[in-house]
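Below is protein-v7.txt, which holds compact mmCIF, C-alpha atoms.
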# COMPACT_ATOMS: atom_id res chain seq x y z
CA MET A 1 145.12 -1.17 -88.98
CA ASP A 2 142.65 0.36 -86.55
CA MET A 3 140.75 3.64 -86.40
CA GLY A 4 142.57 5.01 -83.36
CA GLU A 5 141.85 5.22 -79.69
CA LEU A 6 138.28 6.24 -78.82
CA PHE A 7 138.49 5.83 -75.06
CA PHE A 8 140.30 4.01 -72.31
CA ILE A 9 139.47 2.96 -68.78
CA ASP A 10 141.52 4.27 -65.87
CA LYS A 11 140.40 2.72 -62.58
CA ASP A 12 136.72 3.73 -62.32
CA TYR A 13 136.79 6.31 -65.09
CA LEU A 14 136.00 6.12 -68.78
CA ILE A 15 138.24 8.66 -70.50
CA PHE A 16 137.51 9.72 -74.06
CA SER A 17 140.46 10.36 -76.31
CA GLN A 18 140.99 13.55 -78.28
CA LYS A 19 142.92 11.74 -80.99
CA ILE A 20 141.84 11.82 -84.59
CA LEU A 21 140.12 8.72 -85.91
CA HIS A 22 141.15 7.32 -89.28
CA GLY A 23 139.03 5.45 -91.81
CA ILE A 24 139.42 1.71 -92.20
CA SER A 25 137.98 -1.15 -94.23
CA ILE A 26 136.00 -3.68 -92.22
CA ASP A 27 134.02 -6.77 -93.16
CA ILE A 28 130.75 -6.80 -91.18
CA ASP A 29 129.42 -10.09 -92.55
CA ASN A 30 129.76 -11.86 -89.17
CA ASN A 31 128.65 -8.79 -87.19
CA ILE A 32 125.93 -7.34 -89.39
CA ASP A 33 124.09 -5.68 -86.48
CA LEU A 34 127.10 -3.38 -85.98
CA GLY A 35 126.48 -1.82 -89.41
CA PRO A 36 124.53 1.27 -88.24
CA ILE A 37 126.91 2.29 -85.46
CA LEU A 38 129.95 1.62 -87.65
CA MET A 39 128.44 3.97 -90.25
CA VAL A 40 128.26 6.64 -87.56
CA LEU A 41 131.81 5.94 -86.43
CA GLY A 42 133.05 6.12 -90.02
CA SER A 43 131.30 9.49 -90.40
CA PHE A 44 133.67 10.97 -87.81
CA ALA A 45 136.87 9.28 -89.06
CA TYR A 46 139.18 11.11 -91.45
CA GLY A 47 139.64 9.47 -94.81
CA GLU A 48 137.65 6.62 -96.25
CA THR A 49 135.86 3.99 -94.21
CA THR A 50 134.53 1.01 -96.14
CA LEU A 51 132.07 -1.47 -94.70
CA LEU A 52 132.12 -4.73 -96.66
CA ASN A 53 129.32 -7.30 -97.00
CA THR A 54 126.49 -4.94 -96.11
CA SER A 55 123.68 -6.41 -98.22
CA ARG A 56 122.10 -8.32 -95.30
CA LEU A 57 121.36 -5.00 -93.61
CA VAL A 58 118.28 -4.67 -95.81
CA ASN A 59 116.61 -7.67 -94.13
CA LYS A 60 116.54 -6.49 -90.52
CA GLU A 61 113.82 -4.68 -88.53
CA SER A 62 113.99 -2.12 -91.29
CA ASP A 63 116.15 -1.68 -94.35
CA ARG A 64 119.09 -0.53 -92.25
CA LEU A 65 121.38 -0.16 -95.24
CA HIS A 66 119.33 2.41 -97.14
CA ASN A 67 117.75 4.02 -94.07
CA MET A 68 121.09 4.77 -92.41
CA VAL A 69 122.54 6.12 -95.65
CA LYS A 70 119.47 8.33 -96.09
CA GLU A 71 119.60 9.74 -92.56
CA LEU A 72 123.35 10.32 -92.51
CA THR A 73 123.19 11.96 -95.94
CA LYS A 74 120.56 14.37 -94.55
CA ALA A 75 123.08 15.26 -91.84
CA GLY A 76 125.78 16.07 -94.38
CA VAL A 77 127.76 12.83 -94.33
CA ASP A 78 129.44 11.81 -97.60
CA ILE A 79 128.20 8.21 -97.67
CA GLN A 80 127.26 5.94 -100.54
CA ILE A 81 126.36 2.36 -101.35
CA ALA A 82 128.48 0.60 -103.97
CA ASP A 83 127.78 -3.06 -104.71
CA ASP A 84 127.90 -4.91 -101.38
CA LYS A 85 129.66 -2.16 -99.44
CA VAL A 86 129.19 1.25 -97.90
CA ILE A 87 131.82 3.92 -98.48
CA ILE A 88 132.07 6.86 -96.09
CA HIS A 89 134.32 9.90 -96.42
CA GLY A 90 134.35 11.14 -92.85
CA LYS A 91 135.39 14.32 -91.14
CA ALA A 92 135.85 15.52 -87.57
CA SER A 93 132.54 17.30 -87.13
CA TYR A 94 129.20 18.19 -88.65
CA LYS A 95 127.01 21.22 -88.13
CA GLY A 96 123.31 21.54 -88.52
CA ASN A 97 119.99 20.69 -87.05
CA ASN A 98 118.58 17.32 -88.00
CA ASN A 99 115.16 15.73 -87.87
CA PHE A 100 115.98 12.02 -87.85
CA SER A 101 113.65 9.16 -88.61
CA THR A 102 114.26 5.94 -86.67
CA TYR A 103 112.13 3.77 -88.98
CA HIS A 104 110.94 2.08 -85.76
CA ASP A 105 114.34 0.33 -85.63
CA HIS A 106 116.17 0.23 -82.30
CA ARG A 107 119.69 0.00 -83.79
CA ILE A 108 119.08 2.92 -86.14
CA ALA A 109 117.67 5.00 -83.29
CA MET A 110 120.60 4.34 -80.95
CA SER A 111 123.17 4.92 -83.69
CA LEU A 112 121.63 8.23 -84.75
CA ILE A 113 121.50 9.36 -81.13
CA ILE A 114 125.28 8.82 -80.93
CA PHE A 115 125.67 10.81 -84.16
CA ALA A 116 123.54 13.60 -82.68
CA LEU A 117 125.68 13.73 -79.54
CA LEU A 118 128.78 14.30 -81.67
CA ASN A 119 127.05 16.71 -84.09
CA ASN A 120 127.13 20.48 -83.59
CA GLY A 121 123.43 21.19 -83.73
CA VAL A 122 120.03 20.19 -82.43
CA SER A 123 118.59 16.84 -83.46
CA THR A 124 115.06 15.55 -83.09
CA PHE A 125 113.83 11.98 -83.48
CA ASP A 126 110.60 10.18 -84.12
CA ASN A 127 109.61 7.02 -82.24
CA LEU A 128 112.37 6.52 -79.68
CA GLU A 129 110.15 3.93 -78.01
CA CYS A 130 111.67 1.36 -80.37
CA ILE A 131 114.90 1.43 -78.31
CA LYS A 132 113.12 -0.54 -75.59
CA LYS A 133 113.34 -3.64 -77.77
CA SER A 134 117.01 -4.20 -76.99
CA TYR A 135 118.21 -1.58 -74.47
CA PRO A 136 115.40 -0.03 -72.42
CA ARG A 137 117.81 2.06 -70.30
CA PHE A 138 119.83 3.41 -73.25
CA LEU A 139 118.74 7.03 -72.88
CA GLU A 140 119.19 6.94 -69.11
CA ASP A 141 122.68 5.48 -69.48
CA ILE A 142 123.63 8.05 -72.13
CA ASP A 143 122.35 10.79 -69.85
CA LYS A 144 124.57 9.52 -67.02
CA ILE A 145 127.65 9.50 -69.26
CA ILE A 146 127.00 12.96 -70.67
CA LEU A 147 126.23 14.61 -67.35
CA LYS A 148 129.14 13.14 -65.37
Render the structure in this file as C-alpha cells.
Amino acid sequence: MDMGELFFIDKDYLIFSQKILHGISIDIDNNIDLGPILMVLGSFAYGETTLLNTSRLVNKESDRLHNMVKELTKAGVDIQIADDKVIIHGKASYKGNNNFSTYHDHRIAMSLIIFALLNNGVSTFDNLECIKKSYPRFLEDIDKIILK
C-alpha cells in the first residue's frame, strides 16, 4: 500500500497531483534520516500514518524524534510517540501562523519549511543557516519551484 501520487514528471515538467494522500505504516529503521520529512508527509495524509523504529532519531544532530513532534504539535498536527513508533492522524490542511525552532538541525529545518509551504498561514524560523550542512541551495531551489 502506498500513500498516493504526490507528483509525476512529464517531459521537462514536474506536475503535482491533487489526489488525496492516505496514511500508511512504514519502517524507517534503514532510512532513519527520512523520519522528519515523513512526519510532515504523514501530517497531510488522511487517516493514520505510523513510522516504526523511530528511537534512533534521538541520537542525530538533535533529538529529531521529540523536536519534530513538538514543532508539529505546535502547528496543530495530531502526532504522538508510542514505544518505538510515531503515530500521526493527518488531514488535508492546517491553518495558523507558526514560529518554528530548527534546533540547529538541517533535516528538521528543511522538513518544517516543507510543512510551512503546505500550511495556510505565515511561518517563521530560527537559524536556517543550519541547512547549509547538507543542502546549501535548498532555499534557492524551493524558491525556483514555487515561483515557476
Counting all atoms listed in the file, find the residues whose atoms lie at most 7 Å from (121.7, 2.1, -88.5) (file coordinates) and write them out as a PyMOL selection string.
-> chain A and resi 35-37+64+68+107-108+111
Pick from A:Lys144, A:His66, A:Lys132, A:His89: nearest to Gly23 (chain A), with only C-alpha atoms counted?
-> A:His89
Between A:Phe100, A:Ile113, A:Tyr94, A:Asp33, single out the one closest to Glu61 (chain A), counting all atoms listed in the file.
->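 Ranked by minimum distance to Glu61 (chain A), first place goes to A:Asp33.
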Between CA of Val58 (chain A) and CA of Asp105 (chain A), what is the distance, to one decimal in Å?
->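 Between CA of Val58 (chain A) and CA of Asp105 (chain A) the gap works out to 12.0 Å.
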Which residue gives the smallest distance to Asp83 (chain A) among A:Ile20, A:Cys130, A:Leu52, A:Leu57, with only C-alpha atoms counted?
->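 Ranking A:Ile20, A:Cys130, A:Leu52, A:Leu57 by distance to Asp83 (chain A), first place goes to A:Leu52.
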Which residues, protein or nucleic acid, reach to within 10 Å of (128.8, -8.8, -94.3) in the file's coordinates when using all atoms listed in the file, and can you give that as a PyMOL selection string?
-> chain A and resi 26-33+35+51-57+84-85
Which residue gives the smallest distance to Thr102 (chain A) among A:Leu72, A:Ala45, A:Leu38, A:Val122, with all atoms listed in the file counted?
->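 Nearest to Thr102 (chain A): A:Leu72.
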What lies within 7 Å of Lys95 (chain A) using only C-alpha atoms, ignoring chain neighbours under 4 positions off, as number ranges by chain?
-> A: 119-121
Near Ser101 (chain A), counting all atoms listed in the file, which residues have an atom at most 9 Å away, once you skip same-chain residues fewer than 6 positions from it, shown as a PDB file with C-alpha atoms, keeping the file's coordinate frame?
ATOM      1  CA  ASN A  67     117.750   4.020 -94.070  1.00  0.00           C
ATOM      2  CA  GLU A  71     119.600   9.740 -92.560  1.00  0.00           C
ATOM      3  CA  ILE A 108     119.080   2.920 -86.140  1.00  0.00           C
ATOM      4  CA  ALA A 109     117.670   5.000 -83.290  1.00  0.00           C
ATOM      5  CA  LEU A 112     121.630   8.230 -84.750  1.00  0.00           C
ATOM      6  CA  THR A 124     115.060  15.550 -83.090  1.00  0.00           C
ATOM      7  CA  PHE A 125     113.830  11.980 -83.480  1.00  0.00           C
ATOM      8  CA  ASP A 126     110.600  10.180 -84.120  1.00  0.00           C
ATOM      9  CA  ASN A 127     109.610   7.020 -82.240  1.00  0.00           C
TER      10      ASN A 127
END
For Leu34 (chain A), which residue out of A:Ile146, A:Leu117, A:Ala82, A:Leu65 is the nearest one, using all atoms listed in the file?
->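 Among A:Ile146, A:Leu117, A:Ala82, A:Leu65, it is A:Leu65 that comes nearest to Leu34 (chain A).
Taking CA of Thr73 (chain A) and CA of Val40 (chain A) as the two end points, the separation is 11.1 Å.
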Judged by all atoms listed in the file, the minimum distance to Leu139 (chain A) among A:Ala75, A:Ile87, A:Ile24, A:Met110 is found for A:Met110
